[in-house]
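S.K.: Take this structure, written in structure tokens, and hold onto it; I'll ask about it next.
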Amino acid sequence: LAWLTIPFSRAADLPPPLADSPPCGQPGGRQCSAAGVCLARAAMALAVARRGPAIQQRSVGRCAPRRRCVAVNAAPSRGSDLRRVSDSLAERERELQELKAEILATNHALKELRLDLQQQVSAARAELESRREQVAAAEAHLETLQATQVVWRGDANEVQLAGSFDGWTSKVPLEKREGTEDEFAVEMHLYPGEYEYKFIIDGKWTADENRETTNQNGALNNVLQVTAGYY
């Protein structure tokens with residue numbers, strides 16, 4: 001049994017004797033080797049040495065009721081939980097970044113839309129102001145229109161009037177005045193200025209030589225001067 005004495009060269013290295021075991025040399029007592037090593041204690045030490053790795057893991061394990069040490073791999077489980085938490089945080093961070101990008105894009109689109117609307121509103125206001133100025137100018141221009149009467153005296157069945165006041169494009173009929181036999185008249189609203197005109201008597205173009213006339217390229221026309229307050 002010399003091999004049993006090698007790991008236990010010191011008495012402190014040996015496990016304590018059993019409390020209910022008699023001393024060596026007595027009936028039923030422990031047996032000792034020639035070197036004085038208790039065989040029972042050596043056997044117990046050998047068993048402890050064989051179970052040493054399991055006993056060393058008690059800091060991370062737990063023992064079953066029959067003193068079998070059940071190792072619990074706590075560190076890998078903790079690392080797996082940390083990885084899951086880290087992955088979840090990374091996913092949340094990615095979602096927040098995407099949401100932030102969407103918000104920035106929406107704000108940019110709203111800014112462009114606001115600028116476009118402002119430009120449209122400014123253009124509409126400018127157009128409205130221009131129209132107001134045009135209307136005001138037209139109203140002011142209309143106020144300068146003068147009521148003008150043109151009269152033809154002579155025997156006729158139908159009397160018409162044409163002139164430069166509308167570019168010689170129309171023939172304005174003259175109405176016979178009530179209570180007369182040969183007097184025809186028409187009232188027009190003309191802007192102040194000089195106009196040329198001619199009567200059309202029963203289809204014949206005629207100038208009234210008793211009125212102011214002008215001869216343009218051999219064509220004799222009457223002249224009408226319209227001034228403010230003319231009637």
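Within each chain, counting starts at residue 1; across the structure tokens, chains are named A, B, ... in the order shown, with ligands numbered 1 upward in that order.
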Might you pull out every residue within 7 Å of Ala185 (chain A), with only C-alpha atoms counted and same-chain residues fewer than 3 positions away left off, and present them as a list in words?

M.R.: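 After dropping sequence-adjacent residues, the list is Gln149, Val150, Val151, Trp152, Leu174, Glu175, Lys176 and Arg177 of chain A.
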
S.K.: Go ahead and write the selection's residues with all heavy atoms as a tab-separated table (two decimals), in the first residue's frame.

M.R.:
```
chain	number	residue	atom	x	y	z
A	149	GLN	N	-74.62	112.44	-78.98
A	149	GLN	CA	-75.72	112.28	-79.93
A	149	GLN	C	-75.27	112.69	-81.35
A	149	GLN	O	-74.60	113.69	-81.53
A	149	GLN	CB	-76.92	113.13	-79.53
A	149	GLN	CG	-77.78	112.50	-78.46
A	149	GLN	CD	-79.10	113.21	-78.31
A	149	GLN	OE1	-79.35	114.30	-78.90
A	149	GLN	NE2	-80.00	112.63	-77.53
A	150	VAL	N	-75.70	111.85	-82.30
A	150	VAL	CA	-75.44	112.16	-83.71
A	150	VAL	C	-76.81	112.23	-84.39
A	150	VAL	O	-77.63	111.31	-84.24
A	150	VAL	CB	-74.55	111.09	-84.37
A	150	VAL	CG1	-74.33	111.43	-85.84
A	150	VAL	CG2	-73.21	110.99	-83.63
A	151	VAL	N	-77.05	113.32	-85.13
A	151	VAL	CA	-78.37	113.57	-85.73
A	151	VAL	C	-78.23	113.73	-87.25
A	151	VAL	O	-77.28	114.36	-87.74
A	151	VAL	CB	-79.02	114.83	-85.13
A	151	VAL	CG1	-80.39	115.08	-85.78
A	151	VAL	CG2	-79.14	114.70	-83.61
A	152	TRP	N	-79.19	113.12	-87.97
A	152	TRP	CA	-79.28	113.30	-89.42
A	152	TRP	C	-80.64	113.94	-89.73
A	152	TRP	O	-81.69	113.46	-89.27
A	152	TRP	CB	-79.16	111.98	-90.17
A	152	TRP	CG	-79.59	112.05	-91.61
A	152	TRP	CD1	-80.80	111.73	-92.12
A	152	TRP	CD2	-78.81	112.51	-92.71
A	152	TRP	NE1	-80.85	111.94	-93.47
A	152	TRP	CE2	-79.61	112.41	-93.86
A	152	TRP	CE3	-77.50	113.01	-92.82
A	152	TRP	CZ2	-79.16	112.79	-95.13
A	152	TRP	CZ3	-77.06	113.35	-94.09
A	152	TRP	CH2	-77.87	113.25	-95.23
A	174	LEU	N	-80.08	104.68	-86.74
A	174	LEU	CA	-80.61	105.90	-86.12
A	174	LEU	C	-82.15	105.79	-86.10
A	174	LEU	O	-82.76	105.26	-87.04
A	174	LEU	CB	-80.21	107.14	-86.91
A	174	LEU	CG	-78.79	107.68	-86.64
A	174	LEU	CD1	-77.72	106.73	-87.16
A	174	LEU	CD2	-78.63	109.08	-87.25
A	175	GLU	N	-82.73	106.24	-85.00
A	175	GLU	CA	-84.17	106.19	-84.84
A	175	GLU	C	-84.79	107.55	-85.20
A	175	GLU	O	-84.22	108.61	-84.88
A	175	GLU	CB	-84.52	105.81	-83.40
A	175	GLU	CG	-83.97	104.46	-82.95
A	175	GLU	CD	-84.61	103.30	-83.69
A	175	GLU	OE1	-85.76	103.46	-84.17
A	175	GLU	OE2	-83.96	102.24	-83.79
A	176	LYS	N	-85.96	107.49	-85.83
A	176	LYS	CA	-86.66	108.73	-86.14
A	176	LYS	C	-87.21	109.31	-84.85
A	176	LYS	O	-87.82	108.62	-84.05
A	176	LYS	CB	-87.79	108.47	-87.13
A	176	LYS	CG	-88.54	109.73	-87.55
A	176	LYS	CD	-89.67	109.40	-88.51
A	176	LYS	CE	-89.08	109.01	-89.86
A	176	LYS	NZ	-90.19	108.89	-90.89
A	177	ARG	N	-86.98	110.59	-84.66
A	177	ARG	CA	-87.48	111.24	-83.47
A	177	ARG	C	-88.99	111.43	-83.57
A	177	ARG	O	-89.53	111.72	-84.65
A	177	ARG	CB	-86.79	112.60	-83.28
A	177	ARG	CG	-85.36	112.49	-82.80
A	177	ARG	CD	-84.76	113.86	-82.57
A	177	ARG	NE	-83.45	113.77	-81.93
A	177	ARG	CZ	-82.70	114.83	-81.63
A	177	ARG	NH1	-83.13	116.05	-81.96
A	177	ARG	NH2	-81.54	114.67	-81.05
```

S.K.: Taking into account only C-alpha atoms, which residue in the set A:Leu104, A:Val186, A:Ala124, A:Leu89 is nearest to Thr148 (chain A)?

M.R.: A:Val186

S.K.: Which residues in region 77-159 of chain A does DSSP call strand (DSSP E or B)? List them as a ChimeraX atom specification.

M.R.: /A:146-153,159

S.K.: Would you work out the distance separating CA of Ser130 (chain A) from CA of Leu113 (chain A), expressed in Å to one decimal?

M.R.: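 These atoms are spaced 25.4 Å apart.
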
S.K.: Tell me, as a PDB file with C-alpha atoms, in the first residue's frame, which residues lie within 9 Å of Trp168 (chain A), counting only C-alpha atoms; anything in the same chain fewer than 5 positions away does not count.

M.R.:
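Saved result, out.pdb, follows:
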```pdb
ATOM      1  CA  ALA A 162     -70.553 103.921 -89.375  1.00  0.00           C
ATOM      2  CA  GLY A 163     -67.279 105.333 -88.132  1.00  0.00           C
ATOM      3  CA  TYR A 197     -67.935 108.831 -89.460  1.00  0.00           C
TER       4      TYR A 197
END
```

S.K.: Extract, using only C-alpha atoms, all DNA, RNA and protein residues at most 12 Å from Gly203 (chain A), discarding same-chain residues fewer than 5 positions from it, and format them as a list in words.

M.R.: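 Residues near the query, excluding close chain neighbours: Ala156, Asn157, Glu158, Val159, Gln160, Leu161, Ala162, Lys171, Pro173 and Lys198 of chain A.
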
S.K.: Okay, now the selection with all heavy atoms, as a tab-separated table (two decimals), in the first residue's frame?

M.R.:
```
chain	number	residue	atom	x	y	z
A	156	ALA	N	-85.62	110.34	-95.58
A	156	ALA	CA	-85.03	109.01	-95.69
A	156	ALA	C	-85.97	108.01	-95.05
A	156	ALA	O	-86.80	108.35	-94.19
A	156	ALA	CB	-83.68	108.97	-95.01
A	157	ASN	N	-85.85	106.78	-95.50
A	157	ASN	CA	-86.60	105.69	-94.86
A	157	ASN	C	-85.76	104.97	-93.80
A	157	ASN	O	-86.28	104.52	-92.77
A	157	ASN	CB	-87.05	104.68	-95.92
A	157	ASN	CG	-88.08	105.27	-96.89
A	157	ASN	OD1	-88.98	106.02	-96.47
A	157	ASN	ND2	-87.93	104.95	-98.18
A	158	GLU	N	-84.44	104.87	-94.08
A	158	GLU	CA	-83.53	104.17	-93.13
A	158	GLU	C	-82.22	104.94	-93.08
A	158	GLU	O	-81.63	105.25	-94.11
A	158	GLU	CB	-83.29	102.73	-93.57
A	158	GLU	CG	-82.39	101.96	-92.63
A	158	GLU	CD	-82.10	100.55	-93.12
A	158	GLU	OE1	-82.06	100.36	-94.36
A	158	GLU	OE2	-81.89	99.65	-92.29
A	159	VAL	N	-81.79	105.22	-91.86
A	159	VAL	CA	-80.53	105.94	-91.67
A	159	VAL	C	-79.65	105.12	-90.72
A	159	VAL	O	-80.09	104.69	-89.63
A	159	VAL	CB	-80.77	107.35	-91.09
A	159	VAL	CG1	-79.43	108.06	-90.87
A	159	VAL	CG2	-81.67	108.16	-92.00
A	160	GLN	N	-78.38	104.95	-91.15
A	160	GLN	CA	-77.40	104.22	-90.31
A	160	GLN	C	-76.13	105.05	-90.19
A	160	GLN	O	-75.91	105.98	-90.97
A	160	GLN	CB	-77.08	102.84	-90.93
A	160	GLN	CG	-78.28	101.90	-90.97
A	160	GLN	CD	-77.96	100.63	-91.72
A	160	GLN	OE1	-77.44	100.69	-92.85
A	160	GLN	NE2	-78.27	99.48	-91.12
A	161	LEU	N	-75.29	104.63	-89.22
A	161	LEU	CA	-74.05	105.38	-88.96
A	161	LEU	C	-72.90	104.39	-88.83
A	161	LEU	O	-73.00	103.36	-88.15
A	161	LEU	CB	-74.19	106.19	-87.68
A	161	LEU	CG	-73.00	107.09	-87.29
A	161	LEU	CD1	-72.91	108.26	-88.27
A	161	LEU	CD2	-73.16	107.60	-85.86
A	162	ALA	N	-71.78	104.71	-89.49
A	162	ALA	CA	-70.55	103.92	-89.38
A	162	ALA	C	-69.40	104.88	-89.14
A	162	ALA	O	-69.44	106.03	-89.59
A	162	ALA	CB	-70.32	103.10	-90.64
A	171	LYS	N	-72.74	98.95	-88.37
A	171	LYS	CA	-73.65	100.01	-88.85
A	171	LYS	C	-74.69	100.24	-87.76
A	171	LYS	O	-75.52	99.36	-87.47
A	171	LYS	CB	-74.33	99.58	-90.15
A	171	LYS	CG	-73.36	99.37	-91.30
A	171	LYS	CD	-74.08	98.88	-92.55
A	171	LYS	CE	-73.11	98.65	-93.70
A	171	LYS	NZ	-73.80	98.17	-94.92
A	173	PRO	N	-77.92	101.84	-86.27
A	173	PRO	CA	-79.17	102.45	-86.79
A	173	PRO	C	-79.55	103.70	-86.03
A	173	PRO	O	-79.36	103.78	-84.81
A	173	PRO	CB	-80.18	101.34	-86.60
A	173	PRO	CG	-79.66	100.52	-85.46
A	173	PRO	CD	-78.16	100.58	-85.56
A	198	LYS	N	-69.64	108.42	-91.12
A	198	LYS	CA	-70.38	108.65	-92.35
A	198	LYS	C	-71.78	108.06	-92.18
A	198	LYS	O	-71.97	107.07	-91.48
A	198	LYS	CB	-69.68	107.96	-93.54
A	198	LYS	CG	-69.86	108.65	-94.86
A	198	LYS	CD	-68.83	108.14	-95.85
A	198	LYS	CE	-68.85	109.03	-97.10
A	198	LYS	NZ	-67.81	108.67	-98.07
```

S.K.: What does the distance between CA of Arg153 (chain A) and CA of Asp182 (chain A) come to in Å, to one decimal place?

M.R.: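 Atom-to-atom, CA of Arg153 (chain A) to CA of Asp182 (chain A), that is 5.5 Å.
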
S.K.: May I have the residues within 9 Å of Thr144 (chain A) as a PyMOL selection string, using only C-alpha atoms and disregarding those fewer than 2 positions away in the same chain?

M.R.: chain A and resi 139-142+146+190-192+228

S.K.: Using DSSP assignments from the backbone, pull out every residue in region 66-219 of chain A that falls under alpha helix (DSSP H) and give it to me as a ChimeraX atom specification.

M.R.: /A:74-142

S.K.: Give me, as a PyMOL selection string, all polymer residues having an atom no more than 12 Å from Glu209 (chain A), counting only C-alpha atoms and skipping those fewer than 5 positions away in the same chain.

M.R.: chain A and resi 152-153+198-199+214-215+220-223
